[in-house]
Each structure stands twice: as structure tokens, then as C-alpha cells.
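Note sheet for the following structure.
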Amino acid sequence: MSSTSTISSTAFDVYAVRAEFPILSRTVHGDVPLVYLDNAATAQKPQCVIDSISRYYQYSNANVHRGGHALGAEATALYEDARATVASFLGAEPNEIIFTRGTTEGINLIAASWSQMVGDSLRGRNIVISGMEHHANIVPWQMVCERTGAELRVIDVRDDGTLDLNHARTIIDEATAFVSIVHVSNTLGVTNDVREICSLARAVGARSLVDGAQAVVHHATDMRHIGCDFYVFSGHKLYGPTGIGVVFGRADVLATMPPYQGGGAMISTVTFERSTYLDAPMRFEAGTPNMEGAIGLAEAIRWFKRIDPSALREHEASLAKRMHADLSSIDGLRILGPTESHVGIVSFVIDGIHANDLGVLLDEQGVAIRVGHHCTMPLMKRFGVSSTARASTAAYTTSEDLDAFSTALFRAIKLLR
Amino acid sequence: MLFLRHCFEPSNFFVDQHIMTIDQTIGDLQNEFASFPDWEERYSHIISMGKGLAPYNEEYRNDEFKVKGCQSQVWLHPSITDGTIHFEADSDALIVKGLVALLMRVYNERTPTEILNAPPDLVSRLGLDQHLSNNRANGLASMLKQIKLYALVYSMTRTT
Ligand SMILES: Cc1ncc(COP(=O)(O)O)c(C=O)c1O
């Protein structure tokens with residue numbers, strides 16, 4: 001183990017964590033070591049997650065919920081165990097967990113099913129989102145508004161990148177039917193007070209959804225504590241596989257909602273005149289599900305829960321602090337959003353330098369960051385930029401990664417100025 | 001027709017008795033790029049080419065002249081004088097601007113026929129495909145395609 005780390009933690013050995021991720025030891029552009037700082041886009045996977053998927057196919061693959069034989073029963077048990085693992089991760093019950101393709105599908109599922117349920121009564125009412133939403137939490141609601149005549153309202157983002165809760169209190173009113181808010185912004189790294197916003201929604205009888213795509217890797221996520229009706233996230237940002245995601249829906253709310261898609265596995269009986277549906281969560285999982293995805297995600301959650309949460313938080317907070325300090329020392333560099341956060345997501349722009357150019361020159365040096373609008377075009381507009389560079393850390397990020405990032409950034413800026 | 005309208009626009013009088021053929025220019029660039037020992041020198045060269053690009057006429061900085069398929073914004077404006085195409089081009093990102101300048105060195109002040117007959121493998125001959133990510137290589141290909149489209153339109157208007 002290296003002793004050069006300036007980030008010390010007794011309970012948390014970042015080098016041991018890192019060693020579990022085979023991809024992190026590869027090189028790019030020939031022999032340039034990879035420095036992966038695009039974790040907000042997707043996280044890498046530990047060996048145990050990769051193995052769980054391969055084990056599933058080598059040993060247990062069969063269609064689930066179709067019964068009949070030993071393999072089918074085993075695969076079903078694994079799949080339902082995965083659901084239970086996710087449920088306990090969120091402090092929820094298994095029948096409150098719906099597997100989806102990801103956050104995007106989760107929000108679309110809720111928007112479609114809920115709006116179908118409330119139907120025409122949405123005319124003259126409003127749906128509230130915030131100015132820092134990912135397109136995945138904007139477009140589905142715009143589509144609902146177009147279809148139903150509801151009004152889309154947007155909570156202001158303040159100059160420091162936080163949500164204006166006073167504004168939220170004014171626009172969430174008696175006519176509000178739904179409030180859908182991001183927990184941690186993928187662009188700013190800011191954490192919103194979703195508990196407060198959900199309680200504002202509850203007070204006016206509106207439903208609430210929290211987009212937890214970025215939050216689940218940084219926060220303890222207890223559904224009863226947050227007090228939301230729905231919570232959604234993607235497996236791939238939580239060290240799990242792609243193509244799997246989760247909707248938490250409060251049992252009593254899900255019980256009232258119509259199916260999202262129709263097909264096999266979600267029905268109780270089908271005749272040409274009429275079909276009847278299973279209860280949640282099966283009602284919302286039409287067709288053969290992503291079985292290895294669910295099983296891989298459960299393995300990722302078990303892996304993640306083995307890390308001491310407070311040690312991890314301390315580790316990520318010190319990385320975030322270090323990134324903020326390094327970046328703030330650069331002439332003409334502006335960090336968007338709060339300059340203090342324990343979440344390792346930092347977006348920045350540099351005077352006279354296009355983010356794309358930074359991305360190219362960092363990539364040449366093996367440093368993977370994201371440049372662009374991060375699927376938050378309205379937020380870019382709010383801050384008067386068209387794109388930013390964004391670096392984001394994970395549990396396996398070391399201070400050496402940040403050294404390499406700083407060095408690479410300085411060389412890039414020198415070339416571009 | 002969008003392209004045809006530009007064919008008859010008056011263009012700045014431009015004097016350049018380029019003696020090198022497109023093939024020779026590419027060969028030249030090939031030698032230039034082969035001489036760089038590392039990425040830093042290579043990019044430094046591309047960037048300084050970008051900085052040396054002639055200023056773009058603000059009048060043409062609009063959607064009509066924007067090249068589609070590039071991640072950064074790229075503008076390309078053609079005009080023709082005495083059978084020679086004159087391009088003005090620009091980008092808001094410096095490295096892309098350098099790549100634009102590189103294309104200009106090869107394709108600017110050529111006849112439509114020269115451009116249309118030029119070898120299609122410029123990007124790979126310069127070894128740029130190994131150094132550019134897919135997105136950037138695609139962006140370069142989009143610019144090249146646009147240059148050839150303009151050349152094609154000019155070549156057709158001359159013969160009809
Ligand atoms: C805050 C937020 N919401 C939604 C999404 C969409 O997630 P996915 O593409 O996995 O569906 C992302 C991913 O970038 C995100 O960061």
C-alpha cells in the first residue's frame with residue numbers, strides 16, 4: 001500500500017477498494033495510465049459484480065416467474081432475493097421495488113402510469129420540477145403537461161447553485177398535483193433538501209418523486225425518512241450493471257396505479273374481452289426482466305454496504321475538498337455551484353477556453369472527464385454557459401488520481417492559452 | 001436551393017498562386033505530423049494552425065453555414081471566383097479550429113474538380129484517426145463532406 005496518500009483514513013483503504021476494479025489498471029492511447037474521473041456518468045464495476053453476472057449465466061440462467069423446473073425456481077429465487085436486497089438498501093418492502101432499465105425508464109413509468117390514473121383532472125393543475133433537473137426529469141413531465149393541459153412549474157436555482165426553497169414554497173400550491181426533484185445534481189454536485197420538498201408536496205396533497213441517480217452512491221437513502229412517494233435510480237452509477245434500474249413506490253400508492261406496459265408476467269388472466277393485472281410490483285414489470293442485471297445490482301449493493309459509510313463519506317469529502325482547492329487556484333476558472341460539498345462532482349468553466357478542448361487534451365493524458373451540457377441544458381442556460389467540464393470521483397478515486405488530473409489540467413491550459 | 005444561392009455571391013478577391021496539388025499538400029502535412037515526437041507537440045501545432053486561421057466574417061456566423069454533425073460549433077462559408085472555391089471557416093473550440101485550418105490548407109482555393117477528385121483518405125493518411133476520438137474523427141468527416149458537397153454543387157452549376 002502506498003504511503004504517499006495525503007488523504008488518510010484509518011477505516012477505509014482506498015487502494016484495497018481500487019484493487020477490486022480490474023478496469024482501473026488498464027491504459028489508454030497505448031501506454032497512458034487511465035485516470036477515471038467520469039463517475040457521475042457511470043461507475044466502474046468491482047470483480048464480484050462481474051463474477052455474479054457470469055456465474056448467473058454459467059449456473060442459474062432460466063426465465064423467472066414461469067415456474068416448472070429447478071433452474072426456473074432458482075433463477076426466480078435469485079431475482080426476488082435481488083429485489084429484497086434493493087428493498088432493504090432503501091428501507092422499503094420488496095413489493096415496493098420495481099425493476100426498470102434505469103432512472104430514465106423509472107421516471108417515464110411513473111409519469112405515464114400516474115398521469116393515466118389522474119387523467120383529465122390535471123387540466124388547471126401544475127407539476128413542479130426544479131431548474132437543475134436532468135433531461136430525464138424534465139421531458140417526461142413536459143409530455144404529461146402537453147397531453148393533459150397541466151402547467152409545468154420550475155423551482156429557481158440560486159447563484160450559489162442551491163435551490164431557492166422560498167420559491168418552492170410559493171409555487172407548490174393547492175393546484176400542485178406532482179413534485180419531481182433531483183436529490184443530488186449530476187452537474188453541480190449539490191444535494192437538495194428533498195425531505196423538505198417532499199413535505200411541501202405532502203402538505204398540499206401532491207405526489208412526490210425523487211431522482212436519486214447520483215444520490216444513492218453518496219447518501220444513506222431511507223425512503224421513510226425522505227418521505228417521498230417514489231424514488232428512482234440506475235444500477236450503473238452504483239457500481240452495478242447497465243440496463244437495470246429501480247423504482248421505489250410506496251405500496252399504497254402503487255396499488256392504485258395502472259400498468260405502464262402490457263404483456264407477459266404482469267397479468268393475472270387474459271381473455272380477448274378483458275385482462276386483469278397482477279399486484280405491484282409485477283404489474284409494472286411486463287415481459288422477461290433483466291435478470292442478470294437485477295442479480296448484478298444486488299451484488300453491487302452488497303459490495304457497497306460492506307464499505308463503512310462514514311469512512312466513505314470522509315474519503316469522498318476530502319477528495320471533493322481537494323478538487324475544489326486545486327481548481328480554485330487556477331486563474332480564470334469558475335466552479336458552478338457550491339464550492340463546498342462532500343459529493344465529488346465538480347463542474348467548471350475557464351475563461352477563453354472551450355470545455356471540448358479541455359476534454360480532448362485531458363483525454364490525451366489518460367484523464368477521463370465529461371464535457372458538455374450533462375443533459376441539463378436549462379441549467380447551463382441559467383449559468384450563462386453552453387457547456388462545462390465536469391470531474392467526478394468514486395470510492396476508488398485516489399489522491400494520485402487528483403494529482404494526475406491537476407497536472408494534466410495545467411498542461412492543457414498551457415497549450416490552450 | 002440553399003447551395004446555389006451562395007454560388008453567385010460575390011466573394012473577396014483572393015490572390016494565391018498555390019503551386020502544390022492537393023496530394024502534395026497532404027504529403028507535406030504528413031511529413032509535418034510525422035515529425036512530432038508526442039501529443040503535446042502535435043496539438044500545439046494544431047492549435048497554432050487554428051490561431052492562424054483567417055478571421056471569419058461575422059455575417060456568415062449563422063445556422064445556414066453551420067456544419068452539422070460536429071460536437072463543437074463549426075461554420076463553413078463558400079464562394080467561387082474564376083472557378084476557384086474560396087472557403088471561410090471557423091469554430092468556437094480551438095482544437096477543432098485547428099483541424100478546420102488543416103482542411104483549409106488542403107482544400108481552400110481549389111477548383112471543384114480538384115476537390116472532388118482528391119483522395120478520400122486524408123484523415124487516415126495524416127494518422128489523425130489514431131489520435132482523434134470517434135466523435136472528433138466524425139466531426140472532421142462531417143466538415144470534409146460539407147466541403148465536397150459545396151464543390152459538387154459548384155461543379156454542377158458550371159456545367160449547366
Ligand atoms: C440526476 C440524473 N438523473 C437521471 C439520469 C439518467 O439516468 P439513466 O441514463 O441511467 O437512465 C442521470 C444520469 O446521467 C442523472 O445523473
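Ordered as shown in the C-alpha cells, chains take letters A, B, and onward, while each chain numbers its residues from 1 and ligands are numbered from 1 in the order shown.
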Discussion item. Please list as a list of chain:residue names every residue within 12 Å of Asp38 (chain B), counting only C-alpha atoms and excluding residues in the same chain fewer than 3 positions away.
Written reply: A:His29, A:Glu364, A:Gln365, B:Phe33, B:Ala34, B:Ser35, B:Glu41, B:Arg42, B:Tyr43, B:Ser44, B:His45, B:His131
Worksheet entry | DSSP alpha helix (DSSP H) residues within chain B, as a PyMOL selection string | chain B and resi 2-7+22-34+39-51+94-107+112-117+122-125+128-131+134-159
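Restricting the atom set to only C-alpha atoms and all ligand atoms, one finds that the residues within 6 Å of ligand 1 amount to Ala41, Gly102, Thr103, Thr104, His134, Ala136, Val182, Ser185, Asn186, Asp211, Ala213, Gln214 and Ser234 of chain A.
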Just write the chosen residues, N, CA and C atoms, as a PDB file, in the first residue's frame.
```pdb
ATOM      1  N   ALA A  41     -21.103   9.869 -14.742  1.00  0.00           N
ATOM      2  CA  ALA A  41     -21.722   9.324 -15.955  1.00  0.00           C
ATOM      3  C   ALA A  41     -21.997   7.843 -15.752  1.00  0.00           C
ATOM      4  N   GLY A 102     -33.567   1.727 -15.952  1.00  0.00           N
ATOM      5  CA  GLY A 102     -32.729   2.760 -15.362  1.00  0.00           C
ATOM      6  C   GLY A 102     -33.579   3.906 -14.871  1.00  0.00           C
ATOM      7  N   THR A 103     -32.919   4.978 -14.457  1.00  0.00           N
ATOM      8  CA  THR A 103     -33.616   6.159 -13.948  1.00  0.00           C
ATOM      9  C   THR A 103     -34.614   6.699 -14.973  1.00  0.00           C
ATOM     10  N   THR A 104     -34.159   6.812 -16.209  1.00  0.00           N
ATOM     11  CA  THR A 104     -34.993   7.379 -17.266  1.00  0.00           C
ATOM     12  C   THR A 104     -36.292   6.602 -17.418  1.00  0.00           C
ATOM     13  N   HIS A 134     -32.073  16.893 -14.580  1.00  0.00           N
ATOM     14  CA  HIS A 134     -31.572  16.160 -15.746  1.00  0.00           C
ATOM     15  C   HIS A 134     -32.731  16.080 -16.756  1.00  0.00           C
ATOM     16  N   ALA A 136     -33.961  13.787 -18.129  1.00  0.00           N
ATOM     17  CA  ALA A 136     -34.818  12.634 -17.808  1.00  0.00           C
ATOM     18  C   ALA A 136     -35.920  13.006 -16.820  1.00  0.00           C
ATOM     19  N   VAL A 182     -34.621  16.384  -8.249  1.00  0.00           N
ATOM     20  CA  VAL A 182     -33.381  15.622  -8.204  1.00  0.00           C
ATOM     21  C   VAL A 182     -32.786  15.706  -6.793  1.00  0.00           C
ATOM     22  N   SER A 185     -27.580  16.878  -7.743  1.00  0.00           N
ATOM     23  CA  SER A 185     -27.442  17.325  -9.129  1.00  0.00           C
ATOM     24  C   SER A 185     -26.224  16.693  -9.786  1.00  0.00           C
ATOM     25  N   ASN A 186     -26.437  16.116 -10.969  1.00  0.00           N
ATOM     26  CA  ASN A 186     -25.320  15.484 -11.684  1.00  0.00           C
ATOM     27  C   ASN A 186     -24.366  16.523 -12.259  1.00  0.00           C
ATOM     28  N   ASP A 211     -35.388  11.935  -7.882  1.00  0.00           N
ATOM     29  CA  ASP A 211     -34.436  11.331  -8.819  1.00  0.00           C
ATOM     30  C   ASP A 211     -33.123  11.109  -8.064  1.00  0.00           C
ATOM     31  N   ALA A 213     -30.525   9.249  -8.985  1.00  0.00           N
ATOM     32  CA  ALA A 213     -29.471   8.670  -9.830  1.00  0.00           C
ATOM     33  C   ALA A 213     -28.074   8.934  -9.271  1.00  0.00           C
ATOM     34  N   GLN A 214     -27.830  10.168  -8.815  1.00  0.00           N
ATOM     35  CA  GLN A 214     -26.497  10.491  -8.303  1.00  0.00           C
ATOM     36  C   GLN A 214     -26.407  10.310  -6.793  1.00  0.00           C
ATOM     37  N   SER A 234     -30.437   4.350 -11.064  1.00  0.00           N
ATOM     38  CA  SER A 234     -29.886   3.423 -12.051  1.00  0.00           C
ATOM     39  C   SER A 234     -28.824   2.552 -11.391  1.00  0.00           C
TER      40      SER A 234
END
```
Could I get the residues of chain B with an atom no further than 7 Å from an atom of chain A, each paired with its nearest atom pair and that distance in Å to one decimal, using only C-alpha atoms, sorted by chain and residue number, as a tab-separated table?
```
residue	atom	partner	partner_atom	distance
B:Ser44	CA	A:Leu415	CA	6.2
B:Ala93	CA	A:His354	CA	5.3
B:Leu94	CA	A:Asp357	CA	6.5
B:Ile95	CA	A:Asp357	CA	6.0
```
Any chance you could export the current selection's all heavy atoms as a PDB file, in the first residue's frame?
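And here is the file that came out, again-v5.pdb:
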```
ATOM      1  N   SER B  44      -0.066  21.215 -30.062  1.00  0.00           N
ATOM      2  CA  SER B  44       0.418  22.584 -30.078  1.00  0.00           C
ATOM      3  C   SER B  44       0.434  23.104 -31.516  1.00  0.00           C
ATOM      4  O   SER B  44       0.079  24.250 -31.792  1.00  0.00           O
ATOM      5  CB  SER B  44       1.797  22.582 -29.409  1.00  0.00           C
ATOM      6  OG  SER B  44       2.506  23.682 -29.775  1.00  0.00           O
ATOM      7  N   ALA B  93     -14.294  26.107 -30.739  1.00  0.00           N
ATOM      8  CA  ALA B  93     -13.309  25.352 -29.953  1.00  0.00           C
ATOM      9  C   ALA B  93     -11.971  25.389 -30.701  1.00  0.00           C
ATOM     10  O   ALA B  93     -11.921  25.246 -31.919  1.00  0.00           O
ATOM     11  CB  ALA B  93     -13.770  23.921 -29.753  1.00  0.00           C
ATOM     12  N   LEU B  94     -10.909  25.586 -29.964  1.00  0.00           N
ATOM     13  CA  LEU B  94      -9.619  25.868 -30.576  1.00  0.00           C
ATOM     14  C   LEU B  94      -9.024  24.676 -31.340  1.00  0.00           C
ATOM     15  O   LEU B  94      -8.450  24.839 -32.420  1.00  0.00           O
ATOM     16  CB  LEU B  94      -8.649  26.328 -29.474  1.00  0.00           C
ATOM     17  CG  LEU B  94      -7.464  27.172 -29.885  1.00  0.00           C
ATOM     18  CD1 LEU B  94      -7.847  28.255 -30.875  1.00  0.00           C
ATOM     19  CD2 LEU B  94      -6.838  27.792 -28.637  1.00  0.00           C
ATOM     20  N   ILE B  95      -9.156  23.501 -30.777  1.00  0.00           N
ATOM     21  CA  ILE B  95      -8.578  22.331 -31.446  1.00  0.00           C
ATOM     22  C   ILE B  95      -9.343  22.039 -32.740  1.00  0.00           C
ATOM     23  O   ILE B  95      -8.746  21.758 -33.779  1.00  0.00           O
ATOM     24  CB  ILE B  95      -8.558  21.107 -30.506  1.00  0.00           C
ATOM     25  CG1 ILE B  95      -7.550  21.374 -29.383  1.00  0.00           C
ATOM     26  CG2 ILE B  95      -8.205  19.842 -31.253  1.00  0.00           C
ATOM     27  CD1 ILE B  95      -7.604  20.390 -28.243  1.00  0.00           C
TER      28      ILE B  95
END
```
Discussion item. Neighbouring residues of region 244-259 of chain A were defined as those with any atom within 8 Å, considering only C-alpha atoms; residues of the same chain fewer than 2 positions away were excluded. Please report them as a ChimeraX atom specification.
Written reply: /A:92,95-103,106,113-114,116-117,229-236,241-242,261-262,277,279-281,283-284,290,293-294,297
Discussion item. For region 11-16 of chain A, find every residue with an atom within 9 Å (counting only C-alpha atoms), except residues of its own chain fewer than 4 positions away, and show them as a PyMOL selection string.
Written reply: chain A and resi 1-2+20+307-308+311-312+315+395-398
What would the file look like if the residues just selected were written as a PDB file, in the first residue's frame with all heavy atoms?
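Below you can see result-v9.pdb, which holds the result:
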```pdb
ATOM      1  N   MET A   1       0.827  -1.207   0.000  1.00  0.00           N
ATOM      2  CA  MET A   1       0.000   0.000   0.000  1.00  0.00           C
ATOM      3  C   MET A   1       0.854   1.247   0.000  1.00  0.00           C
ATOM      4  O   MET A   1       1.854   1.319   0.689  1.00  0.00           O
ATOM      5  CB  MET A   1      -0.891  -0.027   1.247  1.00  0.00           C
ATOM      6  CG  MET A   1      -2.136   0.805   1.059  1.00  0.00           C
ATOM      7  SD  MET A   1      -3.021   1.023   2.605  1.00  0.00           S
ATOM      8  CE  MET A   1      -2.526   2.678   3.023  1.00  0.00           C
ATOM      9  N   SER A   2       0.447   2.195  -0.745  1.00  0.00           N
ATOM     10  CA  SER A   2       1.227   3.425  -0.826  1.00  0.00           C
ATOM     11  C   SER A   2       1.092   4.242   0.446  1.00  0.00           C
ATOM     12  O   SER A   2       0.056   4.248   1.089  1.00  0.00           O
ATOM     13  CB  SER A   2       0.732   4.243  -2.017  1.00  0.00           C
ATOM     14  OG  SER A   2       1.222   5.548  -1.917  1.00  0.00           O
ATOM     15  N   GLU A  20     -10.100  -3.999  -6.435  1.00  0.00           N
ATOM     16  CA  GLU A  20     -11.234  -4.845  -6.819  1.00  0.00           C
ATOM     17  C   GLU A  20     -11.790  -4.485  -8.194  1.00  0.00           C
ATOM     18  O   GLU A  20     -12.696  -5.154  -8.695  1.00  0.00           O
ATOM     19  CB  GLU A  20     -12.351  -4.718  -5.776  1.00  0.00           C
ATOM     20  CG  GLU A  20     -11.944  -5.250  -4.404  1.00  0.00           C
ATOM     21  CD  GLU A  20     -13.135  -5.310  -3.469  1.00  0.00           C
ATOM     22  OE1 GLU A  20     -14.058  -6.096  -3.761  1.00  0.00           O
ATOM     23  OE2 GLU A  20     -13.146  -4.562  -2.479  1.00  0.00           O
ATOM     24  N   ILE A 307     -18.647  -1.348   2.708  1.00  0.00           N
ATOM     25  CA  ILE A 307     -17.809  -0.188   2.995  1.00  0.00           C
ATOM     26  C   ILE A 307     -18.456   0.608   4.126  1.00  0.00           C
ATOM     27  O   ILE A 307     -19.661   0.859   4.095  1.00  0.00           O
ATOM     28  CB  ILE A 307     -17.683   0.726   1.752  1.00  0.00           C
ATOM     29  CG1 ILE A 307     -17.071  -0.057   0.585  1.00  0.00           C
ATOM     30  CG2 ILE A 307     -16.830   1.948   2.061  1.00  0.00           C
ATOM     31  CD1 ILE A 307     -17.011   0.741  -0.703  1.00  0.00           C
ATOM     32  N   ASP A 308     -17.636   0.987   5.081  1.00  0.00           N
ATOM     33  CA  ASP A 308     -18.148   1.785   6.197  1.00  0.00           C
ATOM     34  C   ASP A 308     -18.625   3.144   5.659  1.00  0.00           C
ATOM     35  O   ASP A 308     -17.833   3.919   5.112  1.00  0.00           O
ATOM     36  CB  ASP A 308     -17.030   1.952   7.225  1.00  0.00           C
ATOM     37  CG  ASP A 308     -17.414   2.948   8.308  1.00  0.00           C
ATOM     38  OD1 ASP A 308     -18.623   3.191   8.477  1.00  0.00           O
ATOM     39  OD2 ASP A 308     -16.513   3.482   8.963  1.00  0.00           O
ATOM     40  N   ALA A 311     -16.752   6.332   6.798  1.00  0.00           N
ATOM     41  CA  ALA A 311     -15.380   6.398   6.270  1.00  0.00           C
ATOM     42  C   ALA A 311     -15.409   6.774   4.787  1.00  0.00           C
ATOM     43  O   ALA A 311     -14.591   7.569   4.311  1.00  0.00           O
ATOM     44  CB  ALA A 311     -14.674   5.057   6.464  1.00  0.00           C
ATOM     45  N   LEU A 312     -16.379   6.214   4.065  1.00  0.00           N
ATOM     46  CA  LEU A 312     -16.501   6.529   2.639  1.00  0.00           C
ATOM     47  C   LEU A 312     -16.849   8.007   2.450  1.00  0.00           C
ATOM     48  O   LEU A 312     -16.283   8.696   1.610  1.00  0.00           O
ATOM     49  CB  LEU A 312     -17.584   5.646   1.999  1.00  0.00           C
ATOM     50  CG  LEU A 312     -17.877   5.933   0.520  1.00  0.00           C
ATOM     51  CD1 LEU A 312     -16.641   5.718  -0.336  1.00  0.00           C
ATOM     52  CD2 LEU A 312     -19.033   5.071   0.011  1.00  0.00           C
ATOM     53  N   HIS A 315     -13.827  10.023   3.010  1.00  0.00           N
ATOM     54  CA  HIS A 315     -12.940   9.888   1.861  1.00  0.00           C
ATOM     55  C   HIS A 315     -13.408  10.785   0.712  1.00  0.00           C
ATOM     56  O   HIS A 315     -12.623  11.554   0.150  1.00  0.00           O
ATOM     57  CB  HIS A 315     -12.907   8.421   1.422  1.00  0.00           C
ATOM     58  CG  HIS A 315     -12.156   8.175   0.140  1.00  0.00           C
ATOM     59  ND1 HIS A 315     -10.787   8.328   0.048  1.00  0.00           N
ATOM     60  CD2 HIS A 315     -12.582   7.804  -1.092  1.00  0.00           C
ATOM     61  CE1 HIS A 315     -10.406   8.058  -1.194  1.00  0.00           C
ATOM     62  NE2 HIS A 315     -11.476   7.741  -1.905  1.00  0.00           N
ATOM     63  N   ALA A 395     -15.626   5.804  -5.008  1.00  0.00           N
ATOM     64  CA  ALA A 395     -14.986   5.215  -3.827  1.00  0.00           C
ATOM     65  C   ALA A 395     -13.533   4.844  -4.105  1.00  0.00           C
ATOM     66  O   ALA A 395     -12.695   4.849  -3.204  1.00  0.00           O
ATOM     67  CB  ALA A 395     -15.770   3.985  -3.373  1.00  0.00           C
ATOM     68  N   TYR A 396     -13.219   4.522  -5.361  1.00  0.00           N
ATOM     69  CA  TYR A 396     -11.866   4.062  -5.694  1.00  0.00           C
ATOM     70  C   TYR A 396     -10.939   5.179  -6.150  1.00  0.00           C
ATOM     71  O   TYR A 396      -9.820   4.940  -6.573  1.00  0.00           O
ATOM     72  CB  TYR A 396     -11.928   2.969  -6.768  1.00  0.00           C
ATOM     73  CG  TYR A 396     -12.891   3.263  -7.909  1.00  0.00           C
ATOM     74  CD1 TYR A 396     -12.651   4.301  -8.819  1.00  0.00           C
ATOM     75  CD2 TYR A 396     -14.045   2.500  -8.065  1.00  0.00           C
ATOM     76  CE1 TYR A 396     -13.535   4.573  -9.850  1.00  0.00           C
ATOM     77  CE2 TYR A 396     -14.945   2.771  -9.101  1.00  0.00           C
ATOM     78  CZ  TYR A 396     -14.675   3.800  -9.991  1.00  0.00           C
ATOM     79  OH  TYR A 396     -15.559   4.064 -11.008  1.00  0.00           O
ATOM     80  N   THR A 397     -11.406   6.412  -6.132  1.00  0.00           N
ATOM     81  CA  THR A 397     -10.567   7.533  -6.568  1.00  0.00           C
ATOM     82  C   THR A 397      -9.509   7.829  -5.499  1.00  0.00           C
ATOM     83  O   THR A 397      -9.829   7.918  -4.314  1.00  0.00           O
ATOM     84  CB  THR A 397     -11.432   8.783  -6.809  1.00  0.00           C
ATOM     85  OG1 THR A 397     -12.464   8.451  -7.740  1.00  0.00           O
ATOM     86  CG2 THR A 397     -10.590   9.932  -7.351  1.00  0.00           C
ATOM     87  N   THR A 398      -8.256   7.970  -5.951  1.00  0.00           N
ATOM     88  CA  THR A 398      -7.161   8.223  -5.004  1.00  0.00           C
ATOM     89  C   THR A 398      -6.676   9.670  -5.131  1.00  0.00           C
ATOM     90  O   THR A 398      -7.001  10.354  -6.098  1.00  0.00           O
ATOM     91  CB  THR A 398      -5.962   7.309  -5.316  1.00  0.00           C
ATOM     92  OG1 THR A 398      -5.504   7.612  -6.646  1.00  0.00           O
ATOM     93  CG2 THR A 398      -6.348   5.849  -5.223  1.00  0.00           C
TER      94      THR A 398
END
```
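Candidate residues A:Thr42, A:Ala408, A:Cys228, A:Tyr36 were compared for distance to Gly243 (chain A), and the nearest is A:Thr42, using only C-alpha atoms.
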Practice prompt. Return as an MDAnalysis selection string the full set of residues in region 151-247 of chain A whose backbone-based DSSP assignment is strand (DSSP E).
Written response: chainID A and resid 151:155 176:182 207:211 230:234 245:247
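Here CA of Ile155 (chain A) and CA of Ala201 (chain A) stand 13.0 Å from one another.
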Worksheet item: Just how far from CA of Ile107 (chain A) is CA of Val139 (chain A), in Å to one decimal?
Response: 9.8 Å
Practice prompt. Between A:Ala112, A:Ser386, A:Leu209, A:Ser406, single out the one closest to Ser72 (chain B), counting only C-alpha atoms.
Written response: A:Ser386
Worksheet item: Could you state the separation of CA of Asn63 (chain A) and CA of Val270 (chain A) in Å, given to one decimal place?
Response: 20.3 Å
Set the distance at 10 Å and use only C-alpha atoms: which residues neighbour Lys97 (chain B) once local chain neighbours fewer than 6 positions away are removed? I'd like the list as a PDB file with C-alpha atoms, in the first residue's frame.
```pdb
ATOM      1  CA  ILE B  46      -2.892  22.044 -34.480  1.00  0.00           C
ATOM      2  CA  ILE B  47      -3.730  24.822 -32.032  1.00  0.00           C
ATOM      3  CA  SER B  48      -1.336  27.292 -33.625  1.00  0.00           C
ATOM      4  CA  MET B  49      -2.781  26.448 -37.040  1.00  0.00           C
ATOM      5  CA  GLY B  50      -6.183  27.293 -35.543  1.00  0.00           C
ATOM      6  CA  LYS B  51      -4.939  30.572 -34.182  1.00  0.00           C
ATOM      7  CA  GLY B  52      -3.576  31.439 -37.617  1.00  0.00           C
ATOM      8  CA  LEU B  53      -6.861  30.866 -39.386  1.00  0.00           C
ATOM      9  CA  SER B  72     -18.404  21.940 -31.286  1.00  0.00           C
ATOM     10  CA  GLN B  73     -19.821  24.673 -33.473  1.00  0.00           C
ATOM     11  CA  VAL B  74     -18.250  24.848 -36.915  1.00  0.00           C
ATOM     12  CA  TRP B  75     -19.087  27.332 -39.646  1.00  0.00           C
ATOM     13  CA  ALA B  89     -14.332  28.726 -41.787  1.00  0.00           C
ATOM     14  CA  ASP B  90     -14.320  28.912 -38.026  1.00  0.00           C
ATOM     15  CA  SER B  91     -15.054  27.013 -34.821  1.00  0.00           C
ATOM     16  CA  LEU B 103      -8.647  21.230 -44.010  1.00  0.00           C
TER      17      LEU B 103
END
```
Item to complete: Considering only C-alpha atoms, return as a ChimeraX atom specification whatever protein or nucleic-acid residues lie within 6 Å of Thr76 (chain A), sequence-local ones (same chain, fewer than 2 positions apart) excluded.
Response: /A:64-65,73-74,78-79
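Closest to Val128 (chain A) among A:Ala82, A:Val343, A:Ala70, A:Ala177 is A:Ala177, based on only C-alpha atoms.
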Discussion item. For Leu278 (chain A), find every residue with an atom within 8 Å (counting only C-alpha atoms), except residues of its own chain fewer than 5 positions away, and show them as a PyMOL selection string.
Written reply: chain A and resi 266-268+283
Restricting the output to N, CA, C and O atoms, write the selected residues as a PDB file, in the first residue's frame.
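Written out: part_37.pdb:
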```pdb
ATOM      1  N   MET A 266     -47.202  -9.730 -16.231  1.00  0.00           N
ATOM      2  CA  MET A 266     -47.861  -8.704 -15.426  1.00  0.00           C
ATOM      3  C   MET A 266     -49.364  -8.948 -15.290  1.00  0.00           C
ATOM      4  O   MET A 266     -50.063  -8.181 -14.666  1.00  0.00           O
ATOM      5  N   ILE A 267     -49.834 -10.022 -15.916  1.00  0.00           N
ATOM      6  CA  ILE A 267     -51.275 -10.261 -15.925  1.00  0.00           C
ATOM      7  C   ILE A 267     -51.677 -11.367 -14.957  1.00  0.00           C
ATOM      8  O   ILE A 267     -50.851 -12.186 -14.563  1.00  0.00           O
ATOM      9  N   SER A 268     -52.938 -11.333 -14.604  1.00  0.00           N
ATOM     10  CA  SER A 268     -53.476 -12.418 -13.818  1.00  0.00           C
ATOM     11  C   SER A 268     -54.278 -13.336 -14.738  1.00  0.00           C
ATOM     12  O   SER A 268     -54.056 -14.533 -14.796  1.00  0.00           O
ATOM     13  N   ARG A 283     -47.115  -6.018 -11.665  1.00  0.00           N
ATOM     14  CA  ARG A 283     -47.956  -5.273 -12.606  1.00  0.00           C
ATOM     15  C   ARG A 283     -47.127  -4.326 -13.484  1.00  0.00           C
ATOM     16  O   ARG A 283     -47.496  -4.019 -14.611  1.00  0.00           O
TER      17      ARG A 283
END
```
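Take the candidates A:Gly149, A:Pro378, A:Pro289, A:Gly366 and check each one against Asp31 (chain A) using only C-alpha atoms; the shortest distance goes to A:Gly366.
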